[in-house]
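Step one of this worksheet: look at the structure below.
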Amino acid sequence: MPLARKLPRHALTVAIALMLPAQATLAQDAQTPAPAASAAESKAKTLDAVQVTAQRKVENLQDVPVSVSTLNAEQLDVFGSGGNDVRFLSGRVPSLNIESSFGRAFPRFYIRGYGNTDFRLNTSQPVSLVYDDVVQENPILKGFPVFDLDRVEVLRGPQGSLFGRNSPAGVVKFESTRPSQEFDGYGKVGVGDDNMWNLEGAVGGGLTDQWSGRASVLFQRRDDWVDNTFPGPNESFEGYDESAARVQALYEGEGFEALLNAHARHLNGTARLFRANIIEPGTNDLVDGFDEDKVSLDGLNHSELDSFGANARLSWELGDGYTLYSITGYETLDTYSRGDIDGGFGAVFLPVSGPGVIPFASETADGIPDHSQWTQEFRIESNTGTAWNWQAGLFYFNEDYDVESFSYDSLNGGAQDGYERVNQTNDSWAVFGAATWQATEKLELRAGARYTWDKKDLKVEEYFNTGFAPCIGPAIGILPPPVRCTLTDLANAEPDGDLSASTDDQKFSWDLAATYEINDDVNVYGRVATGYRGSSIQAASAFNFKSVAEPETSTSYEMGVKADLWDNRARINADIFYYEVKDQQLTAVGGMSNANILINADKTVGQGFELDFQAFITDTLLFTLGSSYNDTEIKDPDLRVSGCAACTVTDQPEVDPVTGLPTGRFFIDGNRLPQAPEWTHNLTLRWGIPMDNGGEFYAYTDWVYRSEVGFFLYDSIEFTGKPLTEGGLRLGYTWDYGKYDVAIYGRNITDEVQVVGGIDFNNLTGFINEPRLFGAEFKASF
């Protein structure tokens, strides 16, 4: 449906949101007022300029012709209270959604409704995550904890020229606080419900006249808060302990700079907790009597993760306004996650099972025992002071890793009954460039281009299965237990007899943009950009053949305005957009066949708008608002996927032309993309009472809303997540001009409990959002 026909229904929603500062949450670019303003201070509060690197160089946010939102260090502190992982960023800027079926280990990012629901460990995502200028390709790497950061930038729309492949939806950039010659740092301790501890600190300063350093650490833990009412291997769930550290060294010489970084992470805790039959059939309500503090599982649940990385960012001043950059990055990880997928105990064919109907037991695990990622970029940038400036470079990416998948028999004490190991390698080369031209005093034009060569190889190295459906294929049919299906059997089942697959892609991406300065405070811009994601491969397994998805390409159009208002006391950034994705890679997961395969949709489209607004209502009252509308649609009249047996699917069913019976598959043409809410809103309100002694009492409330989402490609009543609203509150006091801060806080203070994801092949199994949490926090800065 065209955007113009759908917006009027929601115009009142936006108008009301703009007039309700009492419900405010934190939006994107606002610089929170200094926490310790003097009561005698007479100068009016203004918003600071926000510097970003969205175009790979430092620029004022208001001058960049891209839809960009930022979160600063203080905002990240507030939202991360309570030991939350990276998912707390979801909804905190317009059009950003983050979810996970792995818990803290494996976040999935969506921008403008465009993402990837695939949960396998060799999957790729159309939202690229860049941490300290180094791309984090594997989805496990994207969950690195958020601490001691200068800012987070969210770039919406394709970033195919300067950031490369696998960024057709956008880029999320994390920028760590850099070392400096000034001695500074902080220490923070937080406590909360269920013996939650959040310890964080950093210290840095000059080591010599040219060397400076900074060390940052994080430790978070929480006790289990969900009891297991079944005498299984776990008595309780949802606890974790996580630690991370980062060490940086900065050398600043004459015409040369080197920033060195090493970082590591350790996680030990609960994997995503699946809960059987928690959805009332025929509705998307939780069943009567649902208790989020209890489950009944006979399978083991556990998650562990270790990662390490290092990078070197070097720059040379070449003279005459040119700078050469070299960015070298290395990442490695080791992870294992095991869960009771059926979400209950027993099975329907046994005397005892539940909760509800458990058709069959399912307990699986996935891990990466061996992984390495190398990246190298060389880039030269001009800054000649003339009307023309440019940058160009070369990029290389190499990744090599093994993925292991396990299955276990929960009905037989958790004995292993299946195993698969695959190896995947990925090599990619790219050449890129971009130029800006100050065509007139008020008009600036930009253009960028990138050519990428991308090669992937996947090989199944080991396989066996003696479980429920050990081997399926046209060559051998179904081998029932206790027959052991081997690697040879699996290969024979494949139509081509080959378990390996390779892809070799080349793609040209480009973007064009223009910025026009209406006056000193208002810019308008337009942008057309293309993006690209390379082919993806998924191995054959017990329930499906191997599948290969072709490359997807996106083309996006957007127009926007960026304005500073009221003598820099307010700022508004807004845009409208439309995009098309050709051959979008989608994952058909679950359903009655329990398949997990890659498919391509002929085309998907998205359209909508985004709004960032922040203003000092008074010198002590800061209000911020972020809002977005995303209308997405799959356009492929022949595309169909398996639907679940236990839920109410509302799509058109496929009928076998010979028997006239339903095949269990459904046409998905016209459906929205999964995990793509139409509406998101976030608001904050911060009110401070300055004291003459350099102290301040403050109150801070933040709220985030997203409309309903579908969990799968097909539409069903049960697997449609309800709208979700979560709020936070923080009451605190700072003194000594902001050096010390003590506060009490609450997250999800209204105790919203909603299903946010599901497992559809077995029963109405789901998982829920994070629980309400209250705590206290103390921070000292120096």
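Every chain in the structure tokens takes a letter, A first, then B, and so on in the order presented; its residues are numbered from 1, and the ligands are numbered from 1 following the presented order.
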
Exercise for the section: Using only C-alpha atoms, determine which residues lie at most 9 Å from Lys456 of chain A, disregarding the query and same-chain residues fewer than 4 positions distant; provide the list as a list in words. Expected result: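 With the cut-off at 9 Å, the set is Gln424, Thr425, Asn426, Asp427, Ser428, Ala501, Ser502, Thr503, Asp504, Asp505, Gly534, Ser535, Ser536 and Ile537 of chain A.
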
Problem - Distance query Glu238 of chain A at most 9 Å, only C-alpha atoms, self and fewer than 3 positions along chain excluded, as a PyMOL selection string - result: chain A and resi 222-226+269-273

When you look at segment 177-194 of chain A with a cut-off of 7 Å (counting only C-alpha atoms), what residues show up, excluding the ones that are within fewer than 6 positions of it in the same chain? I need them as a PDB file with N, CA and C atoms, in the first residue's frame.
```pdb
ATOM      1  N   GLY A  82      21.599  -1.855  34.790  1.00  0.00           N
ATOM      2  CA  GLY A  82      21.030  -3.168  35.050  1.00  0.00           C
ATOM      3  C   GLY A  82      21.725  -4.291  34.324  1.00  0.00           C
ATOM      4  N   ASP A 148      32.445   2.021  28.075  1.00  0.00           N
ATOM      5  CA  ASP A 148      33.482   3.016  27.809  1.00  0.00           C
ATOM      6  C   ASP A 148      33.501   3.421  26.339  1.00  0.00           C
ATOM      7  N   LEU A 149      32.328   3.801  25.839  1.00  0.00           N
ATOM      8  CA  LEU A 149      32.206   4.259  24.460  1.00  0.00           C
ATOM      9  C   LEU A 149      32.034   5.767  24.408  1.00  0.00           C
ATOM     10  N   ASP A 150      32.553   6.364  23.358  1.00  0.00           N
ATOM     11  CA  ASP A 150      32.325   7.785  23.108  1.00  0.00           C
ATOM     12  C   ASP A 150      30.944   8.009  22.514  1.00  0.00           C
ATOM     13  N   GLU A 200      32.170  -1.507  36.360  1.00  0.00           N
ATOM     14  CA  GLU A 200      32.742  -0.959  35.141  1.00  0.00           C
ATOM     15  C   GLU A 200      33.745   0.119  35.506  1.00  0.00           C
ATOM     16  N   GLY A 201      34.806   0.246  34.733  1.00  0.00           N
ATOM     17  CA  GLY A 201      35.775   1.291  35.014  1.00  0.00           C
ATOM     18  C   GLY A 201      36.743   1.488  33.872  1.00  0.00           C
ATOM     19  N   ALA A 202      37.411   2.642  33.883  1.00  0.00           N
ATOM     20  CA  ALA A 202      38.416   2.955  32.873  1.00  0.00           C
ATOM     21  C   ALA A 202      39.396   3.950  33.460  1.00  0.00           C
ATOM     22  N   VAL A 203      40.636   3.889  32.993  1.00  0.00           N
ATOM     23  CA  VAL A 203      41.655   4.854  33.410  1.00  0.00           C
ATOM     24  C   VAL A 203      42.571   5.070  32.215  1.00  0.00           C
ATOM     25  N   GLY A 204      42.967   6.315  32.020  1.00  0.00           N
ATOM     26  CA  GLY A 204      43.834   6.628  30.899  1.00  0.00           C
ATOM     27  C   GLY A 204      44.567   7.932  31.121  1.00  0.00           C
ATOM     28  N   GLY A 205      45.574   8.142  30.289  1.00  0.00           N
ATOM     29  CA  GLY A 205      46.353   9.374  30.368  1.00  0.00           C
ATOM     30  C   GLY A 205      47.650   9.246  29.612  1.00  0.00           C
ATOM     31  N   GLY A 206      48.476  10.296  29.712  1.00  0.00           N
ATOM     32  CA  GLY A 206      49.739  10.316  29.015  1.00  0.00           C
ATOM     33  C   GLY A 206      50.758   9.380  29.642  1.00  0.00           C
ATOM     34  N   SER A 212      50.055   7.790  24.844  1.00  0.00           N
ATOM     35  CA  SER A 212      49.019   7.779  25.878  1.00  0.00           C
ATOM     36  C   SER A 212      48.318   6.434  25.834  1.00  0.00           C
ATOM     37  N   GLY A 213      47.648   6.085  26.902  1.00  0.00           N
ATOM     38  CA  GLY A 213      46.996   4.784  26.968  1.00  0.00           C
ATOM     39  C   GLY A 213      45.671   4.857  27.705  1.00  0.00           C
ATOM     40  N   ARG A 214      44.866   3.819  27.547  1.00  0.00           N
ATOM     41  CA  ARG A 214      43.588   3.732  28.258  1.00  0.00           C
ATOM     42  C   ARG A 214      43.230   2.258  28.409  1.00  0.00           C
ATOM     43  N   ARG A 222      24.412 -11.953  37.227  1.00  0.00           N
ATOM     44  CA  ARG A 222      23.065 -12.003  37.782  1.00  0.00           C
ATOM     45  C   ARG A 222      22.737 -13.447  38.112  1.00  0.00           C
ATOM     46  N   ASP A 223      22.059 -13.657  39.237  1.00  0.00           N
ATOM     47  CA  ASP A 223      21.628 -15.001  39.611  1.00  0.00           C
ATOM     48  C   ASP A 223      20.472 -15.461  38.724  1.00  0.00           C
ATOM     49  N   TRP A 225      16.847 -16.447  37.828  1.00  0.00           N
ATOM     50  CA  TRP A 225      15.588 -15.943  38.387  1.00  0.00           C
ATOM     51  C   TRP A 225      14.372 -16.747  37.913  1.00  0.00           C
ATOM     52  N   GLN A 248      44.041   0.209  25.079  1.00  0.00           N
ATOM     53  CA  GLN A 248      44.396   1.005  23.917  1.00  0.00           C
ATOM     54  C   GLN A 248      45.689   1.768  24.177  1.00  0.00           C
ATOM     55  N   ALA A 249      46.464   1.968  23.122  1.00  0.00           N
ATOM     56  CA  ALA A 249      47.677   2.787  23.185  1.00  0.00           C
ATOM     57  C   ALA A 249      47.679   3.702  21.974  1.00  0.00           C
ATOM     58  N   LEU A 250      47.925   4.974  22.205  1.00  0.00           N
ATOM     59  CA  LEU A 250      47.907   5.976  21.142  1.00  0.00           C
ATOM     60  C   LEU A 250      49.266   6.662  21.056  1.00  0.00           C
ATOM     61  N   LEU A 773      13.394  -4.691  36.547  1.00  0.00           N
ATOM     62  CA  LEU A 773      14.570  -4.709  37.411  1.00  0.00           C
ATOM     63  C   LEU A 773      14.714  -3.357  38.091  1.00  0.00           C
ATOM     64  N   PHE A 774      14.992  -3.376  39.388  1.00  0.00           N
ATOM     65  CA  PHE A 774      15.291  -2.161  40.150  1.00  0.00           C
ATOM     66  C   PHE A 774      16.684  -2.290  40.748  1.00  0.00           C
ATOM     67  N   GLY A 775      17.353  -1.153  40.878  1.00  0.00           N
ATOM     68  CA  GLY A 775      18.692  -1.203  41.435  1.00  0.00           C
ATOM     69  C   GLY A 775      19.201   0.170  41.809  1.00  0.00           C
ATOM     70  N   ALA A 776      20.458   0.212  42.211  1.00  0.00           N
ATOM     71  CA  ALA A 776      21.136   1.454  42.599  1.00  0.00           C
ATOM     72  C   ALA A 776      22.519   1.456  41.966  1.00  0.00           C
ATOM     73  N   GLU A 777      23.051   2.658  41.752  1.00  0.00           N
ATOM     74  CA  GLU A 777      24.323   2.773  41.048  1.00  0.00           C
ATOM     75  C   GLU A 777      25.105   3.970  41.581  1.00  0.00           C
ATOM     76  N   PHE A 778      26.417   3.791  41.645  1.00  0.00           N
ATOM     77  CA  PHE A 778      27.316   4.879  42.030  1.00  0.00           C
ATOM     78  C   PHE A 778      28.436   4.972  41.004  1.00  0.00           C
ATOM     79  N   LYS A 779      28.748   6.197  40.593  1.00  0.00           N
ATOM     80  CA  LYS A 779      29.808   6.416  39.615  1.00  0.00           C
ATOM     81  C   LYS A 779      30.684   7.570  40.077  1.00  0.00           C
ATOM     82  N   ALA A 780      31.984   7.367  39.984  1.00  0.00           N
ATOM     83  CA  ALA A 780      32.952   8.412  40.313  1.00  0.00           C
ATOM     84  C   ALA A 780      33.852   8.622  39.106  1.00  0.00           C
ATOM     85  N   SER A 781      34.000   9.871  38.707  1.00  0.00           N
ATOM     86  CA  SER A 781      34.845  10.218  37.566  1.00  0.00           C
ATOM     87  C   SER A 781      36.018  11.058  38.043  1.00  0.00           C
ATOM     88  N   PHE A 782      37.111  10.988  37.330  1.00  0.00           N
ATOM     89  CA  PHE A 782      38.277  11.785  37.689  1.00  0.00           C
ATOM     90  C   PHE A 782      39.009  12.214  36.432  1.00  0.00           C
TER      91      PHE A 782
END
```

Practice task
Can you pull out every residue within 6 Å of segment 95-99 of chain A, counting only C-alpha atoms, but drop anything in the same chain fewer than 4 positions away, and send it as a PyMOL selection string?
Solution key: chain A and resi 87+90-91+107-112+628

Problem - One-decimal distance in Å that lies between atom CA of Gly660 of chain A and atom CA of Val348 of chain A - result: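 Computing it gives 29.6 Å between the two atoms.
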
Exercise for the section: Can you pull out every residue within 12 Å of Asn301 of chain A, counting only C-alpha atoms, but drop anything in the same chain fewer than 5 positions away, and send it as a count of residues only? Expected result: 34
